[in-house]
file final-v4.cif (mmCIF, C-alpha atoms and all ligand atoms)
data_query
loop_
_atom_site.label_atom_id
_atom_site.label_comp_id
_atom_site.auth_asym_id
_atom_site.auth_seq_id
_atom_site.Cartn_x
_atom_site.Cartn_y
_atom_site.Cartn_z
CA MET J 1 -5.17 -10.08 -17.27
CA VAL J 2 -3.45 -8.27 -14.42
CA ALA J 3 -0.66 -5.86 -15.39
CA TYR J 4 1.75 -4.03 -13.09
CA VAL J 5 2.72 -0.38 -13.33
CA GLY J 6 5.41 1.36 -11.27
CA THR J 7 3.98 4.87 -11.43
CA ALA J 8 0.74 6.74 -10.81
CA HIS J 9 1.58 9.13 -13.64
CA GLY J 10 -1.22 8.98 -16.19
CA ILE J 11 -3.69 7.39 -13.77
CA GLU J 12 -7.02 9.21 -13.40
CA HIS J 13 -9.08 9.07 -10.22
CA GLY J 14 -11.87 7.32 -12.16
CA GLN J 15 -9.54 4.32 -12.46
CA LEU J 16 -9.53 4.04 -8.67
CA THR J 17 -12.76 2.26 -7.94
CA GLY J 18 -14.42 2.19 -4.56
CA GLY J 19 -13.57 -0.80 -2.44
CA PHE J 20 -10.13 0.22 -1.22
CA PHE J 21 -9.53 1.25 2.42
CA ALA J 22 -12.11 -1.35 3.35
CA ASP J 23 -11.67 -1.33 7.13
CA TRP J 24 -10.91 2.37 7.58
CA PRO J 25 -13.09 4.51 9.83
CA VAL J 26 -13.41 7.03 6.97
CA ARG J 27 -12.54 5.98 3.43
CA PRO J 28 -10.45 8.47 1.47
CA SER J 29 -12.07 9.63 -1.78
CA SER J 30 -10.62 8.43 -5.10
CA GLU J 31 -9.20 11.95 -5.59
CA ARG J 32 -7.37 11.72 -2.29
CA HIS J 33 -6.28 8.19 -3.10
CA LEU J 34 -4.72 9.45 -6.33
CA GLU J 35 -3.08 12.30 -4.45
CA LEU J 36 -1.35 9.92 -2.04
CA LEU J 37 -0.23 7.66 -4.89
CA ARG J 38 1.30 10.61 -6.71
CA GLY J 39 2.91 11.90 -3.52
CA SER J 40 4.62 8.62 -2.67
CA TYR J 41 8.34 7.98 -3.06
CA ALA J 42 7.52 4.72 -4.84
CA VAL J 43 4.24 3.22 -5.93
CA GLU J 44 3.32 -0.09 -7.53
CA LEU J 45 -0.10 -0.62 -9.07
CA ALA J 46 -1.87 -3.75 -10.23
CA MET J 47 -4.28 -3.02 -13.09
CA ASP J 48 -7.06 -5.03 -14.67
CA ASP J 49 -9.08 -3.73 -17.61
CA GLY J 50 -7.94 -0.15 -16.98
CA LYS J 51 -8.82 -0.20 -13.28
CA VAL J 52 -6.47 -0.21 -10.33
CA ILE J 53 -7.17 -3.43 -8.42
CA GLY J 54 -4.22 -3.34 -6.04
CA PHE J 55 -1.59 -0.88 -4.90
CA ALA J 56 1.43 -0.53 -2.63
CA THR J 57 3.20 2.66 -1.61
CA ALA J 58 6.46 3.67 0.07
CA THR J 59 7.76 6.89 1.54
CA SER J 60 11.51 7.31 1.92
CA ASP J 61 14.45 9.64 2.50
CA GLY J 62 16.09 7.90 -0.45
CA VAL J 63 19.26 7.32 1.58
CA LEU J 64 18.77 4.87 4.43
CA SER J 65 15.16 4.36 5.31
CA ALA J 66 11.71 3.75 3.92
CA TYR J 67 8.27 3.12 5.27
CA ILE J 68 5.51 1.17 3.57
CA PRO J 69 2.25 2.73 4.67
CA LEU J 70 -0.21 1.04 2.33
CA LEU J 71 -0.72 -2.26 0.56
CA GLU J 72 -4.15 -3.41 -0.52
CA VAL J 73 -5.69 -5.71 -3.09
CA LEU J 74 -9.42 -5.52 -3.81
CA PRO J 75 -11.20 -8.44 -2.09
CA GLU J 76 -12.29 -10.16 -5.31
CA TYR J 77 -8.65 -10.27 -6.52
CA ARG J 78 -7.06 -11.61 -3.35
CA GLY J 79 -5.40 -14.99 -3.11
CA ARG J 80 -3.94 -14.84 -6.63
CA GLY J 81 -0.44 -13.67 -5.78
CA ILE J 82 -1.12 -10.01 -6.58
CA GLY J 83 -0.26 -8.68 -3.11
CA SER J 84 2.98 -10.66 -3.18
CA GLU J 85 3.92 -9.33 -6.61
CA LEU J 86 3.23 -5.73 -5.50
CA MET J 87 5.46 -6.25 -2.46
CA ARG J 88 8.20 -7.90 -4.51
CA ARG J 89 8.24 -5.00 -6.95
CA LEU J 90 8.12 -2.36 -4.24
CA LEU J 91 10.99 -3.97 -2.30
CA LEU J 92 13.09 -4.03 -5.47
CA ARG J 93 12.59 -0.27 -5.71
CA LEU J 94 13.82 0.05 -2.09
CA ASP J 95 16.67 -2.38 -2.54
CA GLY J 96 19.52 -0.02 -1.64
CA LEU J 97 18.06 1.08 1.68
CA TYR J 98 19.00 -0.12 5.15
CA MET J 99 15.66 0.16 6.98
CA VAL J 100 12.24 -0.70 5.58
CA ASP J 101 9.47 -0.50 8.15
CA LEU J 102 5.74 -1.00 8.13
CA SER J 103 2.94 -1.49 10.56
CA CYS J 104 0.20 -4.03 10.02
CA ASP J 105 -2.89 -5.40 11.61
CA SER J 106 -2.70 -8.48 13.76
CA GLY J 107 -2.88 -11.57 11.56
CA VAL J 108 -1.02 -10.17 8.56
CA GLU J 109 2.47 -10.76 10.02
CA ALA J 110 2.85 -14.11 8.23
CA PHE J 111 2.34 -12.42 4.86
CA TYR J 112 5.18 -9.95 5.50
CA GLU J 113 7.47 -12.54 7.07
CA ARG J 114 7.67 -14.16 3.63
CA PHE J 115 9.57 -11.06 2.50
CA GLY J 116 11.98 -11.06 5.44
CA PHE J 117 10.12 -8.70 7.76
CA ARG J 118 10.30 -9.50 11.46
CA VAL J 119 8.11 -8.25 14.27
CA LEU J 120 10.09 -5.60 16.17
CA ASP J 121 10.24 -5.36 19.91
CA ARG J 122 8.81 -1.83 20.03
CA ALA J 123 6.97 0.29 17.54
CA MET J 124 4.98 3.45 18.18
CA GLY J 125 2.54 5.36 16.06
CA LEU J 126 0.27 8.37 16.07
CA ARG J 127 -3.15 8.03 14.43
CA ARG J 128 -5.11 11.27 14.08
CA ARG J 129 -8.54 10.23 12.92
CA GLU J 130 -9.74 13.81 12.54
CA ARG J 131 -7.24 14.20 9.69
CA LEU J 132 -9.09 11.49 7.77
CA ARG J 133 -12.23 13.57 7.79
CA ARG J 134 -10.65 16.88 6.78
CA ARG J 135 -10.85 16.46 3.01
CA GLY J 136 -12.97 13.35 2.60
C1 LIG U 1 -2.69 -8.62 2.61
C2 LIG U 1 -3.10 -8.58 1.14
C3 LIG U 1 -2.50 -7.36 0.46
C4 LIG U 1 -2.60 -9.86 0.46
O1 LIG U 1 -2.90 -9.77 -0.93
P1 LIG U 1 -3.15 -11.07 -1.80
O2 LIG U 1 -3.09 -10.67 -3.23
O3 LIG U 1 -4.37 -11.78 -1.34
O4 LIG U 1 -1.88 -11.94 -1.38
P2 LIG U 1 -1.26 -13.17 -2.15
O5 LIG U 1 -2.29 -13.81 -3.02
O6 LIG U 1 0.00 -12.71 -2.80
O7 LIG U 1 -0.92 -14.13 -0.93
C5 LIG U 1 0.35 -14.70 -0.81
C6 LIG U 1 0.34 -15.61 0.38
O8 LIG U 1 0.14 -14.84 1.57
C7 LIG U 1 -0.96 -15.38 2.27
N1 LIG U 1 -1.75 -14.29 2.81
C8 LIG U 1 -2.53 -13.45 2.11
N2 LIG U 1 -3.12 -12.58 2.95
C9 LIG U 1 -2.69 -12.90 4.19
C10 LIG U 1 -2.97 -12.38 5.47
N3 LIG U 1 -3.81 -11.35 5.63
N4 LIG U 1 -2.35 -12.95 6.53
C11 LIG U 1 -1.50 -14.00 6.35
N5 LIG U 1 -1.22 -14.53 5.16
C12 LIG U 1 -1.81 -14.00 4.09
C13 LIG U 1 -1.79 -16.14 1.26
O9 LIG U 1 -2.51 -17.16 1.90
C14 LIG U 1 -0.77 -16.64 0.31
O10 LIG U 1 -0.24 -17.86 0.79
P3 LIG U 1 -0.01 -19.10 -0.20
O11 LIG U 1 1.01 -18.64 -1.18
O12 LIG U 1 0.49 -20.17 0.72
O13 LIG U 1 -1.33 -19.38 -0.81
C15 LIG U 1 -4.66 -8.56 1.00
O14 LIG U 1 -5.19 -9.63 1.73
C16 LIG U 1 -5.32 -7.28 1.43
O15 LIG U 1 -5.42 -6.32 0.65
N6 LIG U 1 -5.77 -7.21 2.71
C17 LIG U 1 -6.45 -6.04 3.24
C18 LIG U 1 -5.49 -4.91 3.47
C19 LIG U 1 -4.32 -5.31 4.31
O16 LIG U 1 -4.40 -6.04 5.27
N7 LIG U 1 -3.15 -4.80 3.92
C20 LIG U 1 -1.92 -5.03 4.60
C21 LIG U 1 -1.52 -3.83 5.37
S1 LIG U 1 -1.81 -4.03 7.12
#

call {"tool": "encode", "arguments": {"input": "final-v4.cif", "output": "structure tokens", "more": "lines below"}}
Ligand SMILES: CC(C)(COP(=O)(O)OP(=O)(O)OC[C@H]1O[C@@H](n2cnc3c(N)ncnc32)[C@H](O)[C@@H]1OP(=O)(O)O)[C@@H](O)C(=O)NCCC(=O)NCCS
result
Amino acid sequence: MVAYVGTAHGIEHGQLTGGFFADWPVRPSSERHLELLRGSYAVELAMDDGKVIGFATATSDGVLSAYIPLLEVLPEYRGRGIGSELMRRLLLRLDGLYMVDLSCDSGVEAFYERFGFRVLDRAMGLRRRERLRRRG
């Protein structure tokens, strides 16, 4: 049965199986994955049998704005409402904030529109691929 946890405290990197960051040019190691979970302003994890099978993270100033950099459910668990539940829980954690932004790949807009997100007129981003390679 899938359980939800709102912290990465107590999670070991061995609970982060391979399979996340599926389409990335370089996949972060499970150690680095744990590091980013622990470093996030808010994190929501979906767990099954002691393993993390889905996660969502947010960074924030805690006053007005937040950014959701990552949301992923392992392929074999998709289509069961887990991604939606992670988003619902994460947005509750960000409830008092004015701006919540994210960027997503083409095709995923409809998923986020269910939560009230709208495509903005302009968005810009910097992607430094060499930083992915620095520590695995
Ligand atoms: C996007 C993602 C997190 C959705 O997780 P999930 O657990 O499969 O989502 P849910 O089961 O809660 O889906 C809820 C609804 O959204 C729809 N949906 C799911 N993924 C979608 C997508 N990529 N695009 C559009 N709609 C999507 C589902 O069809 C479902 O609709 P339904 O209720 O009518 O059946 C998952 O597909 C994933 O990890 N994708 C790869 C990483 C990714 O794209 N992350 C988003 C950041 S860009």

call {"tool": "residues_near_ligand", "arguments": {"input": "final-v4.cif", "ligand": "ligand LIG 1 (chain U)", "cutoff": "7 Å", "atoms": "all atoms listed in the file", "output": "ChimeraX atom specification"}}
result
/J:70-75,77-85,103-105,107-111

call {"tool": "atom_distance", "arguments": {"input": "final-v4.cif", "atom1": "CA of Thr57 in chain J", "atom2": "CA of Phe21 in chain J"}}
result
13.4 Å

call {"tool": "closest_residue", "arguments": {"input": "final-v4.cif", "among": "J:Leu64, J:Val26, J:Met47, J:Ile11", "to": "Arg133 in chain J", "atoms": "only C-alpha atoms"}}
result
J:Val26

call {"tool": "residues_around", "arguments": {"input": "final-v4.cif", "residues": "Val2 in chain J", "least_positions_apart": "5", "cutoff": "10 Å", "atoms": "only C-alpha atoms", "output": "list in words"}}
result
Leu45, Ala46, Met47, Asp48, Asp49, Gly50, Lys51, Val52, Ile53, Gly54, Tyr77 and Ile82 of chain J

call {"tool": "atom_distance", "arguments": {"input": "final-v4.cif", "atom1": "CA of Leu132 in chain J", "atom2": "CA of Leu34 in chain J"}}
result
14.9 Å

call {"tool": "residues_around", "arguments": {"input": "final-v4.cif", "residues": "Gly39 in chain J", "least_positions_apart": "6", "cutoff": "10 Å", "atoms": "all atoms listed in the file", "output": "list in words"}}
result
Ala8, His33, Thr57, Ala58 and Thr59 of chain J

call {"tool": "atom_distance", "arguments": {"input": "final-v4.cif", "atom1": "CA of Ile68 in chain J", "atom2": "CA of Glu35 in chain J"}}
result
16.2 Å

call {"tool": "residues_around", "arguments": {"input": "final-v4.cif", "residues": "Leu97 in chain J", "least_positions_apart": "2", "cutoff": "8 Å", "atoms": "only C-alpha atoms", "output": "list in words"}}
result
Gly62, Val63, Leu64, Ser65, Ala66, Leu94, Asp95, Met99 and Val100 of chain J

call {"tool": "closest_residue", "arguments": {"input": "final-v4.cif", "among": "J:Arg93, J:His13, J:Arg32, J:Arg88", "to": "Tyr112 in chain J", "atoms": "only C-alpha atoms"}}
result
J:Arg88

call {"tool": "build_atoms", "arguments": {"input": "final-v4.cif", "residues": "range 20-31 of chain J", "atoms": "all heavy atoms", "output": "tab-separated table (two decimals), in the frame of the given file"}}
result
chain	number	residue	atom	x	y	z
J	20	PHE	N	-11.38	0.15	-1.98
J	20	PHE	CA	-10.13	0.22	-1.22
J	20	PHE	C	-10.41	0.84	0.16
J	20	PHE	O	-11.45	1.41	0.40
J	20	PHE	CB	-9.09	1.07	-1.96
J	20	PHE	CG	-8.51	0.35	-3.16
J	20	PHE	CD1	-8.73	0.82	-4.45
J	20	PHE	CD2	-7.73	-0.78	-3.00
J	20	PHE	CE1	-8.19	0.18	-5.55
J	20	PHE	CE2	-7.18	-1.44	-4.10
J	20	PHE	CZ	-7.41	-0.96	-5.38
J	21	PHE	N	-9.45	0.72	1.05
J	21	PHE	CA	-9.53	1.25	2.42
J	21	PHE	C	-10.74	0.63	3.15
J	21	PHE	O	-11.46	1.30	3.88
J	21	PHE	CB	-9.63	2.78	2.41
J	21	PHE	CG	-8.50	3.44	1.66
J	21	PHE	CD1	-8.65	3.88	0.35
J	21	PHE	CD2	-7.27	3.60	2.27
J	21	PHE	CE1	-7.60	4.46	-0.34
J	21	PHE	CE2	-6.20	4.18	1.59
J	21	PHE	CZ	-6.37	4.62	0.28
J	22	ALA	N	-10.90	-0.66	2.92
J	22	ALA	CA	-12.11	-1.35	3.35
J	22	ALA	C	-12.41	-1.21	4.84
J	22	ALA	O	-13.55	-0.98	5.23
J	22	ALA	CB	-12.00	-2.82	2.97
J	23	ASP	N	-11.40	-1.32	5.69
J	23	ASP	CA	-11.67	-1.33	7.13
J	23	ASP	C	-11.40	0.02	7.79
J	23	ASP	O	-11.31	0.10	9.01
J	23	ASP	CB	-10.80	-2.41	7.81
J	23	ASP	CG	-11.17	-3.79	7.29
J	23	ASP	OD1	-12.34	-3.99	6.94
J	23	ASP	OD2	-10.27	-4.66	7.22
J	24	TRP	N	-11.25	1.06	7.00
J	24	TRP	CA	-10.91	2.37	7.58
J	24	TRP	C	-12.14	3.03	8.17
J	24	TRP	O	-13.25	2.87	7.65
J	24	TRP	CB	-10.31	3.26	6.49
J	24	TRP	CG	-8.91	2.88	6.13
J	24	TRP	CD1	-8.43	1.63	5.86
J	24	TRP	CD2	-7.80	3.77	6.02
J	24	TRP	NE1	-7.10	1.69	5.58
J	24	TRP	CE2	-6.68	2.98	5.66
J	24	TRP	CE3	-7.65	5.14	6.17
J	24	TRP	CZ2	-5.42	3.53	5.47
J	24	TRP	CZ3	-6.41	5.70	5.96
J	24	TRP	CH2	-5.30	4.89	5.63
J	25	PRO	N	-11.94	3.81	9.23
J	25	PRO	CA	-13.09	4.51	9.83
J	25	PRO	C	-13.73	5.51	8.86
J	25	PRO	O	-14.95	5.70	8.87
J	25	PRO	CB	-12.49	5.23	11.05
J	25	PRO	CG	-11.01	5.16	10.91
J	25	PRO	CD	-10.69	4.03	9.99
J	26	VAL	N	-12.92	6.15	8.03
J	26	VAL	CA	-13.41	7.03	6.97
J	26	VAL	C	-12.59	6.68	5.72
J	26	VAL	O	-11.36	6.69	5.76
J	26	VAL	CB	-13.19	8.52	7.30
J	26	VAL	CG1	-13.66	9.40	6.16
J	26	VAL	CG2	-13.90	8.89	8.59
J	27	ARG	N	-13.27	6.35	4.64
J	27	ARG	CA	-12.54	5.98	3.43
J	27	ARG	C	-12.12	7.23	2.65
J	27	ARG	O	-12.97	8.07	2.35
J	27	ARG	CB	-13.42	5.15	2.51
J	27	ARG	CG	-13.71	3.77	3.03
J	27	ARG	CD	-14.46	3.00	1.96
J	27	ARG	NE	-14.82	1.69	2.44
J	27	ARG	CZ	-15.16	0.69	1.65
J	27	ARG	NH1	-15.19	0.87	0.34
J	27	ARG	NH2	-15.47	-0.47	2.14
J	28	PRO	N	-10.85	7.35	2.32
J	28	PRO	CA	-10.45	8.47	1.47
J	28	PRO	C	-11.16	8.41	0.12
J	28	PRO	O	-11.43	7.32	-0.41
J	28	PRO	CB	-8.94	8.25	1.28
J	28	PRO	CG	-8.52	7.38	2.42
J	28	PRO	CD	-9.71	6.52	2.72
J	29	SER	N	-11.46	9.57	-0.45
J	29	SER	CA	-12.07	9.63	-1.78
J	29	SER	C	-11.06	9.14	-2.82
J	29	SER	O	-9.85	9.08	-2.56
J	29	SER	CB	-12.46	11.07	-2.09
J	29	SER	OG	-11.29	11.88	-2.14
J	30	SER	N	-11.54	8.85	-4.03
J	30	SER	CA	-10.62	8.43	-5.10
J	30	SER	C	-9.66	9.56	-5.46
J	30	SER	O	-8.51	9.32	-5.82
J	30	SER	CB	-11.40	7.95	-6.33
J	30	SER	OG	-12.26	8.96	-6.78
J	31	GLU	N	-10.10	10.82	-5.33
J	31	GLU	CA	-9.20	11.95	-5.59
J	31	GLU	C	-8.06	11.96	-4.59
J	31	GLU	O	-6.90	12.18	-4.94
J	31	GLU	CB	-9.96	13.29	-5.50
J	31	GLU	CG	-10.92	13.55	-6.64
J	31	GLU	CD	-12.29	12.90	-6.43
J	31	GLU	OE1	-12.48	12.18	-5.42
J	31	GLU	OE2	-13.17	13.11	-7.29
